[in-house]
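Below is the file final.txt, which contains compact mmCIF, C-alpha atoms.
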```txt
# COMPACT_ATOMS: atom_id res chain seq x y z
CA MET A 1 9.09 12.49 1.91
CA LYS A 2 9.37 12.03 5.65
CA PRO A 3 12.84 11.22 6.95
CA GLU A 4 11.78 7.84 8.41
CA ILE A 5 10.44 6.72 5.01
CA GLN A 6 13.59 7.90 3.29
CA HIS A 7 15.66 6.08 5.92
CA TYR A 8 13.71 2.86 5.22
CA ASN A 9 14.32 3.25 1.48
CA ASP A 10 17.99 4.14 1.98
CA SER A 11 18.54 0.97 4.03
CA LEU A 12 17.77 -1.21 0.99
CA SER A 13 19.93 -2.28 -1.95
CA GLU A 14 20.33 0.27 -4.74
CA ASN A 15 17.78 -1.56 -6.91
CA ASP A 16 15.19 -1.90 -4.13
CA LYS A 17 15.75 1.71 -3.06
CA ALA A 18 14.99 2.89 -6.61
CA ILE A 19 11.74 0.91 -6.58
CA CYS A 20 10.71 2.25 -3.17
CA ASP A 21 11.64 5.84 -4.01
CA THR A 22 9.51 5.61 -7.17
CA LEU A 23 6.57 4.12 -5.26
CA ALA A 24 6.80 6.66 -2.43
CA THR A 25 6.86 9.56 -4.88
CA ALA A 26 3.84 8.23 -6.75
CA ILE A 27 1.90 7.58 -3.56
CA CYS A 28 2.68 10.98 -2.03
CA THR A 29 1.75 12.71 -5.29
CA GLU A 30 -1.60 10.94 -5.63
CA LEU A 31 -2.60 10.71 -1.96
CA ILE A 32 -1.88 14.30 -0.98
CA ASP A 33 -4.33 14.18 1.96
CA ALA A 34 -2.86 10.99 3.39
CA THR A 35 -0.73 10.69 6.48
CA TYR A 36 2.11 8.22 6.40
CA LYS A 37 4.61 6.61 8.71
CA ILE A 38 6.58 3.46 9.40
CA TRP A 39 3.96 1.01 10.66
CA HIS A 40 4.78 -2.60 11.50
CA ALA A 41 8.32 -1.93 10.23
CA HIS A 42 7.44 -0.61 6.75
CA PRO A 43 6.00 2.54 5.09
CA VAL A 44 2.20 2.81 5.14
CA TRP A 45 -0.16 5.59 4.01
CA PHE A 46 -3.47 6.28 5.78
CA LEU A 47 -6.66 8.16 4.97
CA ASN A 48 -8.59 9.12 8.11
CA GLU A 49 -6.38 6.74 10.11
CA ASN A 50 -7.37 3.81 7.86
CA PRO A 51 -4.41 2.05 6.17
CA ILE A 52 -4.60 2.36 2.38
CA VAL A 53 -1.29 1.38 0.80
CA GLY A 54 2.20 0.39 1.82
CA TYR A 55 5.28 -1.39 0.62
CA SER A 56 7.83 -3.74 2.11
CA LYS A 57 10.93 -5.73 1.21
CA GLN A 58 10.17 -9.45 0.92
CA LYS A 59 11.93 -12.46 -0.59
CA LYS A 60 10.06 -12.08 -3.91
CA GLY A 61 10.94 -8.39 -4.19
CA ILE A 62 9.28 -5.17 -3.12
CA ARG A 63 5.63 -5.81 -2.28
CA LEU A 64 3.22 -2.96 -2.95
CA MET A 65 0.07 -3.75 -0.96
CA PHE A 66 -3.36 -2.15 -1.05
CA TRP A 67 -5.39 -2.95 2.06
CA SER A 68 -8.67 -2.96 0.12
CA GLY A 69 -7.18 -3.99 -3.23
CA ALA A 70 -9.15 -7.24 -3.57
CA ASP A 71 -12.14 -5.12 -4.60
CA PHE A 72 -10.27 -3.08 -7.22
CA GLU A 73 -10.98 -5.70 -9.92
CA GLU A 74 -7.42 -5.42 -11.21
CA THR A 75 -5.88 -8.57 -12.65
CA GLU A 76 -2.31 -7.39 -11.98
CA LEU A 77 -2.96 -7.30 -8.23
CA ALA A 78 -2.80 -10.70 -6.54
CA VAL A 79 -5.26 -11.46 -3.75
CA LEU A 80 -3.35 -13.66 -1.33
CA GLY A 81 -5.74 -14.28 1.55
CA GLU A 82 -9.43 -14.81 2.09
CA LYS A 83 -9.99 -13.18 5.48
CA PHE A 84 -8.85 -9.70 4.55
CA LYS A 85 -9.38 -7.58 1.43
CA ASP A 86 -5.75 -6.86 0.56
CA ALA A 87 -4.10 -7.31 -2.81
CA SER A 88 -0.48 -6.90 -3.86
CA ILE A 89 2.02 -6.75 -6.66
CA PHE A 90 5.74 -7.51 -6.42
CA TYR A 91 8.48 -5.53 -8.14
CA THR A 92 12.04 -6.70 -8.74
CA ASN A 93 13.11 -3.81 -10.97
CA VAL A 94 12.07 -0.17 -11.19
CA THR A 95 11.39 -0.65 -14.91
CA ASP A 96 8.58 -3.09 -13.99
CA ILE A 97 6.56 -0.25 -12.46
CA LYS A 98 3.75 1.03 -14.68
CA PRO A 99 3.03 4.57 -13.46
CA GLU A 100 -0.45 4.67 -15.02
CA ALA A 101 -1.41 1.49 -13.14
CA ILE A 102 -0.11 2.89 -9.85
CA VAL A 103 -2.17 6.07 -10.32
CA ARG A 104 -5.28 4.05 -11.23
CA TRP A 105 -4.90 1.81 -8.16
CA LEU A 106 -4.30 4.78 -5.87
CA GLN A 107 -7.42 6.50 -7.21
CA LYS A 108 -9.40 3.34 -6.47
CA ALA A 109 -7.80 3.16 -3.02
CA LYS A 110 -9.36 6.54 -2.17
CA THR A 111 -12.90 5.35 -2.85
CA ILE A 112 -12.82 1.58 -2.26
CA GLN A 113 -12.02 1.07 1.40
CA TRP A 114 -12.67 -1.46 4.11
CA ASP A 115 -12.54 -0.27 7.71
CA TYR A 116 -9.25 -1.64 9.01
CA LYS A 117 -9.03 1.17 11.57
CA ASN A 118 -11.76 -0.47 13.67
CA ILE A 119 -11.02 -4.13 12.97
CA VAL A 120 -9.94 -4.84 16.56
CA LYS A 121 -13.04 -3.18 17.97
CA ARG A 122 -15.15 -5.32 15.63
CA LYS A 123 -13.27 -8.48 16.66
CA GLY A 124 -11.73 -9.11 13.24
CA ARG A 125 -14.82 -8.32 11.19
CA LEU A 126 -14.36 -5.89 8.30
CA GLU A 127 -16.99 -3.44 7.12
CA ARG A 128 -16.96 -1.52 3.86
CA LEU A 129 -16.62 2.26 4.15
```

Taking this structure as input, can you express it in the form of C-alpha cells?
Amino acid sequence: MKPEIQHYNDSLSENDKAICDTLATAICTELIDATYKIWHAHPVWFLNENPIVGYSKQKKGIRLMFWSGADFEETELAVLGEKFKDASIFYTNVTDIKPEAIVRWLQKAKTIQWDYKNIVKRKGRLERL
C-alpha cells in the first residue's frame, strides 16, 4: 500500500483504521492494474485514469463508494444521487465487511464504468465506457 494511503488510514480511530486497512487490501488485491492516490482528500483507485472506487470517513462511518455502482444491480449498495452513477455502502465495524461482496463489486467495477475522466470536457454529461 502506498505511504499516503497508509497515512490516511493511520490518521483514523483504531476501528476506522481497521475498516480502511481491510478495504485497501481487498481493493489492491482485486484491482492489480489500478493506480491509486489521495484524491479530494481520500483514497481513490483508478483504471485508465477513470475513478473506480474509493473510501472516506463520514459521520455515518466509513463510506465505500463505487463511481459506477448504480449500475451494479446490488441491493446492498445505496444510490444516493440522480445525476451521477455512484453507489455506496457504509461500515461502522470491520466485522460488517463481507469479503465476497467486496470482490464481486470490484469485479463489476472493472467492466461497468461511466466515463468520469472526461466529465468536465463533456460539461457534466456522463457516457458509458

Practice prompt. Check the smallest atom-to-atom distance from each of A:Gly69, A:Pro51, A:Gly61, A:Pro99 to Asp16 (chain A) using only C-alpha atoms, then report the winner.
Written response: A:Gly61

Discussion item. I need the residue nearest Val94 (chain A) from this list: A:Ser13, A:Thr22, A:Asn50, A:Gln6. Use all atoms listed in the file for the distance.
Written reply: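 Smallest distance to Val94 (chain A) is found for A:Thr22.
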
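What separates CA of Arg104 (chain A) from CA of Ser11 (chain A) is a distance of 28.5 Å.
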
Practice prompt. Record the distance separating CA of His40 (chain A) and CA of Met65 (chain A), expressed in Å with one decimal.
Written response: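 Going from CA of His40 (chain A) over to CA of Met65 (chain A) covers 13.4 Å.
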
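Residues lying within 12 Å of (-0.3, 13.7, 9.6). Counted over all atoms listed in the file, they are A:Lys2, A:Ile32, A:Asp33, A:Ala34, A:Thr35, A:Tyr36, A:Lys37, A:Trp45, A:Phe46, A:Leu47, A:Asn48, A:Glu49.
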
Worksheet item: Nearest to Asn93 (chain A): which of A:Asp10, A:Asp21, A:Glu30, A:Glu76 is it, counting only C-alpha atoms?
Response: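 Once distances to Asn93 (chain A) are computed over only C-alpha atoms, the minimum belongs to A:Asp21.
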
Worksheet item: Between A:Leu129, A:Leu31, A:Ala78, A:Cys20, which one has atoms that come closest to Tyr91 (chain A), using all atoms listed in the file?
Response: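 The shortest atom-to-atom distance to Tyr91 (chain A) comes from A:Cys20.
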
Worksheet item: Nearest to Ile19 (chain A) among A:Arg63, A:Ser68, A:Leu77, A:Ala109, with distances taken over all atoms listed in the file: which residue is it?
Response: A:Arg63

Worksheet item: In Å, with one decimal, what is the gap from CA of Glu14 (chain A) to CA of Thr92 (chain A)?
Response: 11.5 Å

Worksheet item: Near Tyr8 (chain A), counting all atoms listed in the file, which residues have an atom at most 9 Å away, once you skip same-chain residues fewer than 5 positions from it, shown as a PyMOL selection string?
Response: chain A and resi 3+17+20+38+41-43

Worksheet item: From the set A:Ile112, A:Val79, A:Ile5, A:Ala70, which residue has the shortest atom-to-atom contact distance to Tyr55 (chain A), counting all atoms listed in the file?
Response: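 Of A:Ile112, A:Val79, A:Ile5, A:Ala70, the one nearest Tyr55 (chain A) is A:Ile5, counting all atoms listed in the file.
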
Return as AutoDock Vina command-line options the box centre and box size in Å, one decimal, for an axis-aligned box around all listed atoms of region 91-103 of chain A padded by 5 Å per side.
```
--center_x 5.5 --center_y -0.3 --center_z -11.6 --size_x 25.3 --size_y 22.8 --size_z 16.9
```
